[in-house]
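Shown next: my_file.json, given as JSON, C-alpha atoms and all ligand atoms.
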[["chain", "number", "residue", "atom", "x", "y", "z"],
["A", 1, "MET", "CA", -6.43, 17.12, -3.06],
["A", 2, "GLY", "CA", -5.09, 13.56, -3.05],
["A", 3, "GLN", "CA", -2.02, 12.06, -1.50],
["A", 4, "THR", "CA", 1.33, 13.44, -2.63],
["A", 5, "TRP", "CA", 4.74, 11.88, -2.04],
["A", 6, "ASN", "CA", 8.19, 13.22, -1.46],
["A", 7, "SER", "CA", 11.06, 10.73, -1.56],
["A", 8, "GLU", "CA", 13.16, 12.68, 0.94],
["A", 9, "THR", "CA", 10.54, 12.94, 3.72],
["A", 10, "TYR", "CA", 9.45, 9.39, 2.93],
["A", 11, "ALA", "CA", 12.99, 8.10, 3.50],
["A", 12, "LYS", "CA", 13.14, 9.96, 6.83],
["A", 13, "ASN", "CA", 9.68, 9.07, 8.19],
["A", 14, "ALA", "CA", 8.84, 5.81, 6.48],
["A", 15, "ARG", "CA", 11.88, 3.73, 5.47],
["A", 16, "PHE", "CA", 10.45, 0.99, 7.72],
["A", 17, "VAL", "CA", 7.76, 0.39, 5.07],
["A", 18, "SER", "CA", 10.19, -1.24, 2.64],
["A", 19, "ASP", "CA", 12.38, -2.68, 5.44],
["A", 20, "LEU", "CA", 9.34, -4.52, 6.83],
["A", 21, "GLY", "CA", 8.40, -5.69, 3.33],
["A", 22, "MET", "CA", 11.04, -8.43, 3.25],
["A", 23, "PRO", "CA", 8.66, -11.18, 4.52],
["A", 24, "VAL", "CA", 6.45, -10.43, 1.51],
["A", 25, "VAL", "CA", 9.47, -10.91, -0.75],
["A", 26, "GLU", "CA", 9.97, -14.27, 1.02],
["A", 27, "TRP", "CA", 6.35, -15.23, 0.24],
["A", 28, "LEU", "CA", 6.98, -14.28, -3.38],
["A", 29, "ASN", "CA", 10.07, -16.52, -3.44],
["A", 30, "PRO", "CA", 11.47, -14.86, -6.58],
["A", 31, "ASN", "CA", 13.53, -16.98, -8.95],
["A", 32, "PRO", "CA", 16.35, -15.66, -11.14],
["A", 33, "GLY", "CA", 15.13, -14.85, -14.63],
["A", 34, "GLU", "CA", 11.50, -14.36, -13.64],
["A", 35, "ARG", "CA", 9.71, -11.32, -15.02],
["A", 36, "ILE", "CA", 8.06, -9.51, -12.12],
["A", 37, "LEU", "CA", 5.78, -6.47, -11.88],
["A", 38, "ASP", "CA", 6.23, -4.39, -8.72],
["A", 39, "LEU", "CA", 2.80, -2.79, -8.34],
["A", 40, "GLY", "CA", 3.29, 0.51, -6.49],
["A", 41, "CYS", "CA", 7.07, 0.44, -6.43],
["A", 42, "GLY", "CA", 7.45, 3.72, -4.53],
["A", 43, "ASP", "CA", 11.07, 4.87, -4.45],
["A", 44, "GLY", "CA", 12.23, 1.47, -5.71],
["A", 45, "ALA", "CA", 13.80, 0.04, -2.52],
["A", 46, "LEU", "CA", 12.13, -3.38, -2.90],
["A", 47, "THR", "CA", 12.18, -3.26, -6.71],
["A", 48, "LEU", "CA", 15.96, -3.15, -6.40],
["A", 49, "LYS", "CA", 15.93, -6.13, -4.01],
["A", 50, "LEU", "CA", 13.89, -8.14, -6.55],
["A", 51, "GLN", "CA", 16.37, -7.19, -9.27],
["A", 52, "GLU", "CA", 19.21, -8.35, -7.00],
["A", 53, "PHE", "CA", 17.53, -11.78, -6.91],
["A", 54, "GLY", "CA", 18.21, -11.89, -10.66],
["A", 55, "CYS", "CA", 14.66, -11.06, -11.71],
["A", 56, "GLU", "CA", 13.69, -8.85, -14.62],
["A", 57, "VAL", "CA", 11.56, -6.28, -12.78],
["A", 58, "VAL", "CA", 9.21, -3.57, -13.99],
["A", 59, "GLY", "CA", 7.98, -1.12, -11.36],
["A", 60, "ILE", "CA", 4.93, 1.10, -11.68],
["A", 61, "ASP", "CA", 3.80, 3.93, -9.44],
["A", 62, "SER", "CA", 1.44, 6.89, -9.75],
["A", 63, "SER", "CA", 3.84, 9.31, -8.04],
["A", 64, "PRO", "CA", 6.17, 11.24, -10.40],
["A", 65, "ASN", "CA", 8.45, 12.00, -7.44],
["A", 66, "PHE", "CA", 8.85, 8.32, -6.54],
["A", 67, "ILE", "CA", 9.37, 7.34, -10.18],
["A", 68, "GLN", "CA", 12.12, 9.93, -10.48],
["A", 69, "SER", "CA", 13.90, 8.50, -7.41],
["A", 70, "ALA", "CA", 13.48, 4.89, -8.55],
["A", 71, "ASN", "CA", 14.83, 5.87, -11.96],
["A", 72, "LEU", "CA", 18.01, 7.11, -10.32],
["A", 73, "LEU", "CA", 18.56, 3.55, -9.06],
["A", 74, "GLY", "CA", 18.69, 2.43, -12.69],
["A", 75, "LEU", "CA", 15.41, 0.51, -12.47],
["A", 76, "ASP", "CA", 12.83, -0.04, -15.22],
["A", 77, "VAL", "CA", 10.01, 2.00, -13.68],
["A", 78, "ARG", "CA", 6.99, 3.62, -15.26],
["A", 79, "LEU", "CA", 4.49, 6.27, -14.17],
["A", 80, "LEU", "CA", 1.19, 4.40, -14.04],
["A", 81, "ASP", "CA", -1.79, 4.18, -11.69],
["A", 82, "GLY", "CA", -2.49, 0.64, -10.42],
["A", 83, "HIS", "CA", -6.11, 1.02, -11.55],
["A", 84, "HIS", "CA", -4.91, 1.24, -15.16],
["A", 85, "LEU", "CA", -2.53, -1.70, -15.60],
["A", 86, "ASN", "CA", -2.03, -2.21, -19.32],
["A", 87, "PHE", "CA", 0.11, -5.35, -19.46],
["A", 88, "ASP", "CA", -0.91, -8.50, -21.27],
["A", 89, "ASN", "CA", -0.06, -12.03, -20.06],
["A", 90, "GLU", "CA", 3.59, -11.13, -19.58],
["A", 91, "PHE", "CA", 4.60, -11.49, -15.92],
["A", 92, "ASP", "CA", 5.52, -14.57, -13.88],
["A", 93, "ALA", "CA", 4.48, -12.69, -10.74],
["A", 94, "VAL", "CA", 2.96, -9.44, -9.54],
["A", 95, "PHE", "CA", 4.34, -8.21, -6.21],
["A", 96, "SER", "CA", 2.88, -5.40, -4.11],
["A", 97, "ASN", "CA", 3.91, -4.00, -0.73],
["A", 98, "ALA", "CA", 2.03, -1.37, 1.29],
["A", 99, "VAL", "CA", 0.16, 0.23, -1.57],
["A", 100, "LEU", "CA", -3.10, -1.59, -2.39],
["A", 101, "HIS", "CA", -4.86, 0.26, 0.46],
["A", 102, "TRP", "CA", -4.49, 3.47, -1.58],
["A", 103, "MET", "CA", -6.54, 2.01, -4.44],
["A", 104, "LYS", "CA", -10.23, 2.34, -3.77],
["A", 105, "GLN", "CA", -11.44, 0.33, -6.78],
["A", 106, "PRO", "CA", -9.92, -3.04, -5.82],
["A", 107, "ASP", "CA", -11.70, -5.06, -8.51],
["A", 108, "ARG", "CA", -10.20, -2.88, -11.24],
["A", 109, "VAL", "CA", -6.75, -3.43, -9.75],
["A", 110, "ILE", "CA", -7.20, -7.21, -9.34],
["A", 111, "GLU", "CA", -8.52, -7.50, -12.91],
["A", 112, "GLY", "CA", -5.47, -5.56, -14.19],
["A", 113, "VAL", "CA", -3.17, -7.91, -12.25],
["A", 114, "TRP", "CA", -4.98, -10.91, -13.73],
["A", 115, "ARG", "CA", -4.48, -9.61, -17.28],
["A", 116, "SER", "CA", -0.81, -8.83, -16.55],
["A", 117, "LEU", "CA", 0.00, -12.38, -15.40],
["A", 118, "LYS", "CA", 0.85, -15.41, -17.50],
["A", 119, "PRO", "CA", -1.26, -18.49, -16.66],
["A", 120, "GLY", "CA", 0.38, -20.02, -13.56],
["A", 121, "GLY", "CA", 1.56, -16.55, -12.44],
["A", 122, "ARG", "CA", 1.52, -15.45, -8.78],
["A", 123, "PHE", "CA", 0.00, -12.40, -7.14],
["A", 124, "VAL", "CA", 1.70, -11.84, -3.78],
["A", 125, "GLY", "CA", 1.17, -8.78, -1.64],
["A", 126, "GLU", "CA", 0.65, -7.07, 1.66],
["A", 127, "PHE", "CA", -1.29, -3.97, 2.57],
["A", 128, "GLY", "CA", -3.42, -2.45, 5.31],
["A", 129, "GLY", "CA", -6.23, -4.77, 6.37],
["A", 130, "HIS", "CA", -9.41, -4.38, 8.38],
["A", 131, "GLY", "CA", -8.73, -2.27, 11.50],
["A", 132, "ASN", "CA", -5.49, -0.83, 10.13],
["A", 133, "VAL", "CA", -4.36, 2.39, 11.87],
["A", 134, "SER", "CA", -7.82, 2.52, 13.43],
["A", 135, "LYS", "CA", -6.79, 4.85, 16.25],
["A", 136, "ILE", "CA", -5.27, 7.25, 13.74],
["A", 137, "VAL", "CA", -8.35, 7.04, 11.51],
["A", 138, "THR", "CA", -10.66, 7.71, 14.47],
["A", 139, "ALA", "CA", -8.65, 10.75, 15.57],
["A", 140, "LEU", "CA", -8.58, 12.18, 12.02],
["A", 141, "HIS", "CA", -12.30, 11.57, 11.51],
["A", 142, "THR", "CA", -13.24, 13.06, 14.89],
["A", 143, "ALA", "CA", -11.20, 16.21, 14.24],
["A", 144, "LEU", "CA", -12.67, 16.64, 10.73],
["A", 145, "ASN", "CA", -16.24, 16.02, 11.94],
["A", 146, "LYS", "CA", -15.74, 18.73, 14.57],
["A", 147, "ARG", "CA", -14.93, 21.13, 11.74],
["A", 148, "GLY", "CA", -18.07, 20.21, 9.77],
["A", 149, "ILE", "CA", -16.23, 18.14, 7.13],
["A", 150, "ASP", "CA", -17.47, 14.63, 6.23],
["A", 151, "PRO", "CA", -14.37, 12.42, 6.66],
["A", 152, "ASP", "CA", -15.86, 9.57, 4.64],
["A", 153, "GLN", "CA", -15.66, 11.77, 1.54],
["A", 154, "ILE", "CA", -11.97, 12.36, 2.23],
["A", 155, "ASN", "CA", -10.61, 9.09, 3.62],
["A", 156, "PRO", "CA", -8.33, 7.69, 0.85],
["A", 157, "TRP", "CA", -7.81, 4.24, 2.40],
["A", 158, "TYR", "CA", -9.24, 0.77, 1.70],
["A", 159, "PHE", "CA", -8.71, -1.77, 4.51],
["A", 160, "PRO", "CA", -10.67, -4.96, 3.71],
["A", 161, "THR", "CA", -11.27, -8.08, 5.76],
["A", 162, "VAL", "CA", -9.72, -11.40, 4.75],
["A", 163, "GLU", "CA", -13.15, -12.64, 3.63],
["A", 164, "GLU", "CA", -13.80, -9.62, 1.43],
["A", 165, "TYR", "CA", -10.40, -9.63, -0.29],
["A", 166, "ARG", "CA", -10.41, -13.41, -0.76],
["A", 167, "SER", "CA", -13.79, -13.26, -2.44],
["A", 168, "ARG", "CA", -12.69, -10.43, -4.75],
["A", 169, "LEU", "CA", -9.59, -12.45, -5.78],
["A", 170, "GLU", "CA", -11.65, -15.61, -6.31],
["A", 171, "ALA", "CA", -14.35, -13.76, -8.26],
["A", 172, "THR", "CA", -11.65, -12.73, -10.75],
["A", 173, "GLY", "CA", -10.47, -16.34, -11.08],
["A", 174, "PHE", "CA", -7.47, -16.42, -8.71],
["A", 175, "ARG", "CA", -6.83, -19.44, -6.51],
["A", 176, "VAL", "CA", -5.90, -18.09, -3.07],
["A", 177, "SER", "CA", -3.03, -20.09, -1.55],
["A", 178, "GLU", "CA", -2.78, -18.12, 1.70],
["A", 179, "ILE", "CA", -4.33, -15.01, 3.18],
["A", 180, "VAL", "CA", -3.84, -13.71, 6.73],
["A", 181, "LEU", "CA", -4.62, -10.63, 8.81],
["A", 182, "PHE", "CA", -2.30, -9.75, 11.67],
["A", 183, "PRO", "CA", -1.56, -6.74, 13.91],
["A", 184, "ARG", "CA", 1.86, -5.19, 13.48],
["A", 185, "PRO", "CA", 2.29, -2.26, 15.89],
["A", 186, "THR", "CA", 5.21, -0.34, 14.42],
["A", 187, "ALA", "CA", 7.67, 1.99, 16.16],
["A", 188, "LEU", "CA", 8.00, 5.21, 14.19],
["A", 189, "PRO", "CA", 11.50, 6.47, 13.37],
["A", 190, "THR", "CA", 10.43, 10.09, 13.94],
["A", 191, "ASP", "CA", 7.03, 10.75, 15.53],
["A", 192, "ILE", "CA", 3.33, 10.83, 14.75],
["A", 193, "ARG", "CA", 3.61, 14.31, 13.21],
["A", 194, "GLY", "CA", 6.15, 12.88, 10.77],
["A", 195, "TRP", "CA", 3.78, 10.00, 10.01],
["A", 196, "LEU", "CA", 0.80, 12.32, 9.49],
["A", 197, "SER", "CA", 2.78, 14.67, 7.28],
["A", 198, "THR", "CA", 3.96, 11.73, 5.16],
["A", 199, "PHE", "CA", 0.72, 9.74, 4.88],
["A", 200, "ALA", "CA", -2.30, 11.86, 5.77],
["A", 201, "ASN", "CA", -2.18, 14.76, 3.25],
["A", 202, "PRO", "CA", -5.74, 14.15, 1.98],
["A", 203, "PHE", "CA", -7.10, 14.90, 5.47],
["A", 204, "THR", "CA", -5.04, 18.03, 6.15],
["A", 205, "SER", "CA", -5.50, 19.43, 2.67],
["A", 206, "ALA", "CA", -9.28, 19.40, 3.18],
["A", 207, "LEU", "CA", -8.68, 22.40, 5.47],
["A", 208, "ALA", "CA", -7.61, 25.96, 4.81],
["A", 209, "MET", "CA", -3.85, 26.37, 5.14],
["A", 210, "LEU", "CA", -4.22, 28.48, 8.30],
["A", 211, "ASP", "CA", -6.29, 25.81, 10.07],
["A", 212, "ARG", "CA", -3.97, 22.87, 9.41],
["A", 213, "ASP", "CA", -1.59, 23.27, 12.31],
["A", 214, "ALA", "CA", -4.34, 23.39, 14.96],
["A", 215, "PHE", "CA", -5.96, 20.36, 13.30],
["A", 216, "LEU", "CA", -2.72, 18.36, 13.48],
["A", 217, "GLU", "CA", -2.11, 19.43, 17.09],
["A", 218, "GLU", "CA", -5.58, 18.20, 18.02],
["A", 219, "VAL", "CA", -5.09, 14.85, 16.25],
["A", 220, "ILE", "CA", -1.69, 14.40, 17.92],
["A", 221, "SER", "CA", -3.04, 15.09, 21.41],
["A", 222, "ARG", "CA", -5.93, 12.66, 20.84],
["A", 223, "LEU", "CA", -3.41, 9.95, 19.85],
["A", 224, "GLU", "CA", -0.75, 10.54, 22.49],
["A", 225, "PRO", "CA", -2.33, 8.46, 25.30],
["A", 226, "ASP", "CA", -2.68, 5.41, 23.02],
["A", 227, "LEU", "CA", 0.26, 5.57, 20.64],
["A", 228, "ARG", "CA", 3.12, 7.06, 22.65],
["A", 229, "ASP", "CA", 4.90, 4.92, 25.23],
["A", 230, "SER", "CA", 6.48, 5.99, 28.54],
["A", 231, "SER", "CA", 9.88, 6.46, 26.88],
["A", 232, "GLY", "CA", 8.36, 8.93, 24.39],
["A", 233, "CYS", "CA", 8.45, 6.58, 21.39],
["A", 234, "TRP", "CA", 5.49, 6.77, 18.97],
["A", 235, "PHE", "CA", 3.87, 3.70, 17.40],
["A", 236, "ALA", "CA", 1.40, 3.28, 14.54],
["A", 237, "ASP", "CA", -1.33, 0.66, 15.06],
["A", 238, "TYR", "CA", -0.79, -1.16, 11.78],
["A", 239, "VAL", "CA", -2.78, -4.28, 10.83],
["A", 240, "ARG", "CA", -1.52, -6.10, 7.74],
["A", 241, "LEU", "CA", -3.33, -8.26, 5.22],
["A", 242, "ARG", "CA", -0.87, -10.57, 3.48],
["A", 243, "PHE", "CA", -1.85, -12.92, 0.64],
["A", 244, "SER", "CA", -0.57, -15.19, -2.06],
["A", 245, "ALA", "CA", -2.76, -16.16, -5.03],
["A", 246, "VAL", "CA", -2.25, -17.94, -8.35],
["A", 247, "LYS", "CA", -3.75, -17.45, -11.80],
["A", 248, "PRO", "CA", -4.45, -21.11, -12.62],
["A", 249, "LEU", "CA", -2.57, -22.69, -15.51],
["A", 250, "ASP", "CA", -5.85, -23.62, -17.16],
["A", 251, "SER", "CA", -7.19, -20.10, -16.74],
["A", 252, "ALA", "CA", -7.56, -19.25, -20.41],
["A", 253, "ASP", "CA", -11.31, -19.88, -20.36],
["A", 254, "PHE", "CA", -11.90, -18.89, -16.77],
["A", 255, "GLY", "CA", -12.46, -15.57, -15.04],
["A", 256, "LEU", "CA", -12.12, -12.42, -17.09],
["A", 257, "SER", "CA", -12.11, -12.47, -20.84],
["A", 258, "ILE", "CA", -8.74, -11.05, -21.86],
["A", 301, "LIG", "C1", -0.15, 1.26, 5.63],
["A", 301, "LIG", "O1", 0.94, 0.98, 5.13],
["A", 301, "LIG", "O2", -0.88, 0.43, 6.14],
["A", 301, "LIG", "C2", -0.63, 2.67, 5.57],
["A", 301, "LIG", "C3", 0.21, 3.66, 5.21],
["A", 301, "LIG", "C4", -0.27, 4.92, 5.15],
["A", 301, "LIG", "C5", -1.55, 5.21, 5.43],
["A", 301, "LIG", "C6", -2.39, 4.21, 5.79],
["A", 301, "LIG", "C7", -1.92, 2.94, 5.86]]
Mind converting the file's structure to C-alpha cells?
Amino acid sequence: MGQTWNSETYAKNARFVSDLGMPVVEWLNPNPGERILDLGCGDGALTLKLQEFGCEVVGIDSSPNFIQSANLLGLDVRLLDGHHLNFDNEFDAVFSNAVLHWMKQPDRVIEGVWRSLKPGGRFVGEFGGHGNVSKIVTALHTALNKRGIDPDQINPWYFPTVEEYRSRLEATGFRVSEIVLFPRPTALPTDIRGWLSTFANPFTSALAMLDRDAFLEEVISRLEPDLRDSSGCWFADYVRLRFSAVKPLDSADFGLSI
C-alpha cells in the first residue's frame, strides 16, 4: 500500500513542512497577477500564501483528503498526480515544496512541468535531497530486512544529488539558475512516532497489522540515541535540495516537443 494522508494528523505532526517552505516562496518571488501551479499543494497552506501575494494559483495533489481540505480554503485545487500533469504552456511559474521526493519517475514530472510552463516560466522547488532522513531510512530498512522484507521494493522516496537533479532538468531543456543541497535538522512538534505515523505508512503497511507496533517500537529505539536530545526533543535529519530553473524564452524548438 502507498502513502496515505490525513489533514488532521498532518497539521498536528507536520505543520513545520509548510512553515519552513517560506524561503522557497522567497526564491519564487511571486508577482501579483502571475499564474502559478503549486505542484503537490497538500492541504493548501502555501497555495493560500501564493494567492495572498495576488497570484492566480492552481494547486494539484494526488491525495483526496488534502484536496478536500484545500478546497475548504476556497482554493482552485485539483486531484492530480504530479506524474500526469496535463497543462499546456499556461503558467508563469511552477512551485513545489516538500513533495518531489514522493515521485519516483522524476523525468516524467520534469517533462510535465516543462509543458505546463510558458516560455520564460520558472520552476522553483525544494524537496528531500541526497542523504535526507538517512538515519530514519537506515532504521526502517534494518527493521524490515530483519523481518525478511526487501526495503528497496517498499521505499517510496527519491532523494537525488545536486548533480543528478541538475542534469535531469538540463536534459529537459531547463536553464538551472541555482541549485543547492543543505542539511536542515528539524525539531519535531510531537515525536518520532508521530513523524513515522504521518510519513512512513508504506513501510508499516508492508507488515501484518499485528506486527506493526513491535516494528515501530524497534525503529524508535534504534533512532533514539541519534535523534532525541537530552531534553527529550526529537529531531528529523532532513537534507533539502532547493533549486530554481527557467524554461528559456527561445525554448519553442528546444527540449521536448510539445
Ligand atoms: C521530506 O520532506 O524530506 C520528507 C518527508 C517525508 C518523508 C521523507 C522525506
For ligand LIG 301 (chain A), which of A:Ala171, A:Val137, A:Ala214, A:Ala45 is the closest residue, counting all atoms listed in the file? A:Val137
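Near Arg168 of chain A, within a cut-off of 9 Å and counting all atoms listed in the file, sit the residues Pro106, Asp107, Ile110, Glu163, Gly173 and Phe174 of chain A, with same-chain residues fewer than 5 positions away left out.
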Any chance you could tabulate, as a tab-separated table, the residues of chain A at most 10 Å from ligand LIG 301 (chain A) with each one's nearest atom pair and distance in Å to one decimal, using only C-alpha atoms and all ligand atoms, in chain and rising number order?
residue	atom	partner	partner_atom	distance
A:Gln3	CA	A:LIG301	C5	9.8
A:Ala14	CA	A:LIG301	C3	9.0
A:Phe16	CA	A:LIG301	O1	9.9
A:Val17	CA	A:LIG301	O1	6.8
A:Ser18	CA	A:LIG301	O1	9.8
A:Asn97	CA	A:LIG301	O1	8.2
A:Ala98	CA	A:LIG301	O1	4.6
A:Val99	CA	A:LIG301	O1	6.8
A:Leu100	CA	A:LIG301	O1	8.9
A:His101	CA	A:LIG301	C7	6.7
A:Trp102	CA	A:LIG301	C6	7.7
A:Glu126	CA	A:LIG301	O1	8.8
A:Phe127	CA	A:LIG301	O2	5.7
A:Gly128	CA	A:LIG301	O2	3.9
A:Gly129	CA	A:LIG301	O2	7.5
A:Gly131	CA	A:LIG301	O2	9.9
A:Asn132	CA	A:LIG301	O2	6.2
A:Val133	CA	A:LIG301	C7	6.5
A:Ser134	CA	A:LIG301	C6	9.5
A:Ile136	CA	A:LIG301	C6	9.0
A:Val137	CA	A:LIG301	C6	8.7
A:Asn155	CA	A:LIG301	C6	9.8
A:Pro156	CA	A:LIG301	C6	8.5
A:Trp157	CA	A:LIG301	C6	6.4
A:Tyr158	CA	A:LIG301	C6	8.7
A:Phe159	CA	A:LIG301	O2	8.3
A:Arg184	CA	A:LIG301	O2	9.6
A:Trp195	CA	A:LIG301	C4	8.1
A:Leu196	CA	A:LIG301	C5	8.5
A:Thr198	CA	A:LIG301	C4	8.0
A:Phe199	CA	A:LIG301	C4	4.9
A:Ala200	CA	A:LIG301	C5	6.7
A:Asn201	CA	A:LIG301	C5	9.8
A:Ala236	CA	A:LIG301	O2	9.2
A:Asp237	CA	A:LIG301	O2	8.9
A:Tyr238	CA	A:LIG301	O2	5.9
A:Val239	CA	A:LIG301	O2	6.9
A:Arg240	CA	A:LIG301	O2	6.8
A:Leu241	CA	A:LIG301	O2	9.1
Now that the selection is made, can you save its residues with C-alpha atoms as a PDB file, in the coordinates of the input?
ATOM      1  CA  GLN A   3      -2.020  12.060  -1.500  1.00  0.00           C
ATOM      2  CA  ALA A  14       8.840   5.810   6.480  1.00  0.00           C
ATOM      3  CA  PHE A  16      10.450   0.990   7.720  1.00  0.00           C
ATOM      4  CA  VAL A  17       7.760   0.390   5.070  1.00  0.00           C
ATOM      5  CA  SER A  18      10.190  -1.240   2.640  1.00  0.00           C
ATOM      6  CA  ASN A  97       3.910  -4.000  -0.730  1.00  0.00           C
ATOM      7  CA  ALA A  98       2.030  -1.370   1.290  1.00  0.00           C
ATOM      8  CA  VAL A  99       0.160   0.230  -1.570  1.00  0.00           C
ATOM      9  CA  LEU A 100      -3.100  -1.590  -2.390  1.00  0.00           C
ATOM     10  CA  HIS A 101      -4.860   0.260   0.460  1.00  0.00           C
ATOM     11  CA  TRP A 102      -4.490   3.470  -1.580  1.00  0.00           C
ATOM     12  CA  GLU A 126       0.650  -7.070   1.660  1.00  0.00           C
ATOM     13  CA  PHE A 127      -1.290  -3.970   2.570  1.00  0.00           C
ATOM     14  CA  GLY A 128      -3.420  -2.450   5.310  1.00  0.00           C
ATOM     15  CA  GLY A 129      -6.230  -4.770   6.370  1.00  0.00           C
ATOM     16  CA  GLY A 131      -8.730  -2.270  11.500  1.00  0.00           C
ATOM     17  CA  ASN A 132      -5.490  -0.830  10.130  1.00  0.00           C
ATOM     18  CA  VAL A 133      -4.360   2.390  11.870  1.00  0.00           C
ATOM     19  CA  SER A 134      -7.820   2.520  13.430  1.00  0.00           C
ATOM     20  CA  ILE A 136      -5.270   7.250  13.740  1.00  0.00           C
ATOM     21  CA  VAL A 137      -8.350   7.040  11.510  1.00  0.00           C
ATOM     22  CA  ASN A 155     -10.610   9.090   3.620  1.00  0.00           C
ATOM     23  CA  PRO A 156      -8.330   7.690   0.850  1.00  0.00           C
ATOM     24  CA  TRP A 157      -7.810   4.240   2.400  1.00  0.00           C
ATOM     25  CA  TYR A 158      -9.240   0.770   1.700  1.00  0.00           C
ATOM     26  CA  PHE A 159      -8.710  -1.770   4.510  1.00  0.00           C
ATOM     27  CA  ARG A 184       1.860  -5.190  13.480  1.00  0.00           C
ATOM     28  CA  TRP A 195       3.780  10.000  10.010  1.00  0.00           C
ATOM     29  CA  LEU A 196       0.800  12.320   9.490  1.00  0.00           C
ATOM     30  CA  THR A 198       3.960  11.730   5.160  1.00  0.00           C
ATOM     31  CA  PHE A 199       0.720   9.740   4.880  1.00  0.00           C
ATOM     32  CA  ALA A 200      -2.300  11.860   5.770  1.00  0.00           C
ATOM     33  CA  ASN A 201      -2.180  14.760   3.250  1.00  0.00           C
ATOM     34  CA  ALA A 236       1.400   3.280  14.540  1.00  0.00           C
ATOM     35  CA  ASP A 237      -1.330   0.660  15.060  1.00  0.00           C
ATOM     36  CA  TYR A 238      -0.790  -1.160  11.780  1.00  0.00           C
ATOM     37  CA  VAL A 239      -2.780  -4.280  10.830  1.00  0.00           C
ATOM     38  CA  ARG A 240      -1.520  -6.100   7.740  1.00  0.00           C
ATOM     39  CA  LEU A 241      -3.330  -8.260   5.220  1.00  0.00           C
TER      40      LEU A 241
END
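Here atom CA of Leu249 of chain A stands at a distance of 18.4 Å from atom CA of Pro30 of chain A.
One distance worth recording is that between atom CA of Met22 of chain A and atom CA of Asp229 of chain A, which is 26.4 Å.
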Centre and edges of the segment 178-194 of chain A box, axis-aligned, 5 Å extra per side, as JSON:
{"center_x": 3.4, "center_y": -1.9, "center_z": 8.9, "size_x": 26.1, "size_y": 42.4, "size_z": 24.5}
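Among the candidates A:Asp61, A:Asp81, A:Asp191, A:Glu224, the one nearest to Asp38 of chain A when counting only C-alpha atoms is A:Asp61.
Using all atoms listed in the file, the shortest contact distance between Pro185 of chain A and any of A:Pro225, A:Leu20, A:Phe203, A:Gly33 is found at A:Leu20.
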For atom CA of Gly2 of chain A and atom CA of Pro202 of chain A, quote the distance in Å rounded to one decimal. 5.1 Å
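For the residues A:Ile149, A:Ile179, A:Ala206, A:Leu50, ranking by smallest atom-to-atom distance to Thr161 of chain A using all atoms listed in the file places A:Ile179 first.
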Segment 102-212 of chain A residues near segment 23-28 of chain A within 10 Å, closest pair each, using all atoms listed in the file, as a Markdown table:
| residue | atom | partner | partner_atom | distance |
| --- | --- | --- | --- | --- |
| A:Arg122 | CA | A:Leu28 | CA | 7.8 |
| A:Phe123 | CA | A:Leu28 | CA | 8.1 |
| A:Val124 | CA | A:Leu28 | CA | 5.8 |
| A:Gly125 | CA | A:Val24 | CA | 6.4 |
| A:Glu126 | CA | A:Val24 | CA | 6.7 |
| A:Glu178 | CA | A:Trp27 | CA | 9.7 |
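Between Gly120 of chain A and the residues A:His141, A:Asp92, A:Val162, A:Gly42, the shortest atom-to-atom distance, using only C-alpha atoms, involves A:Asp92.
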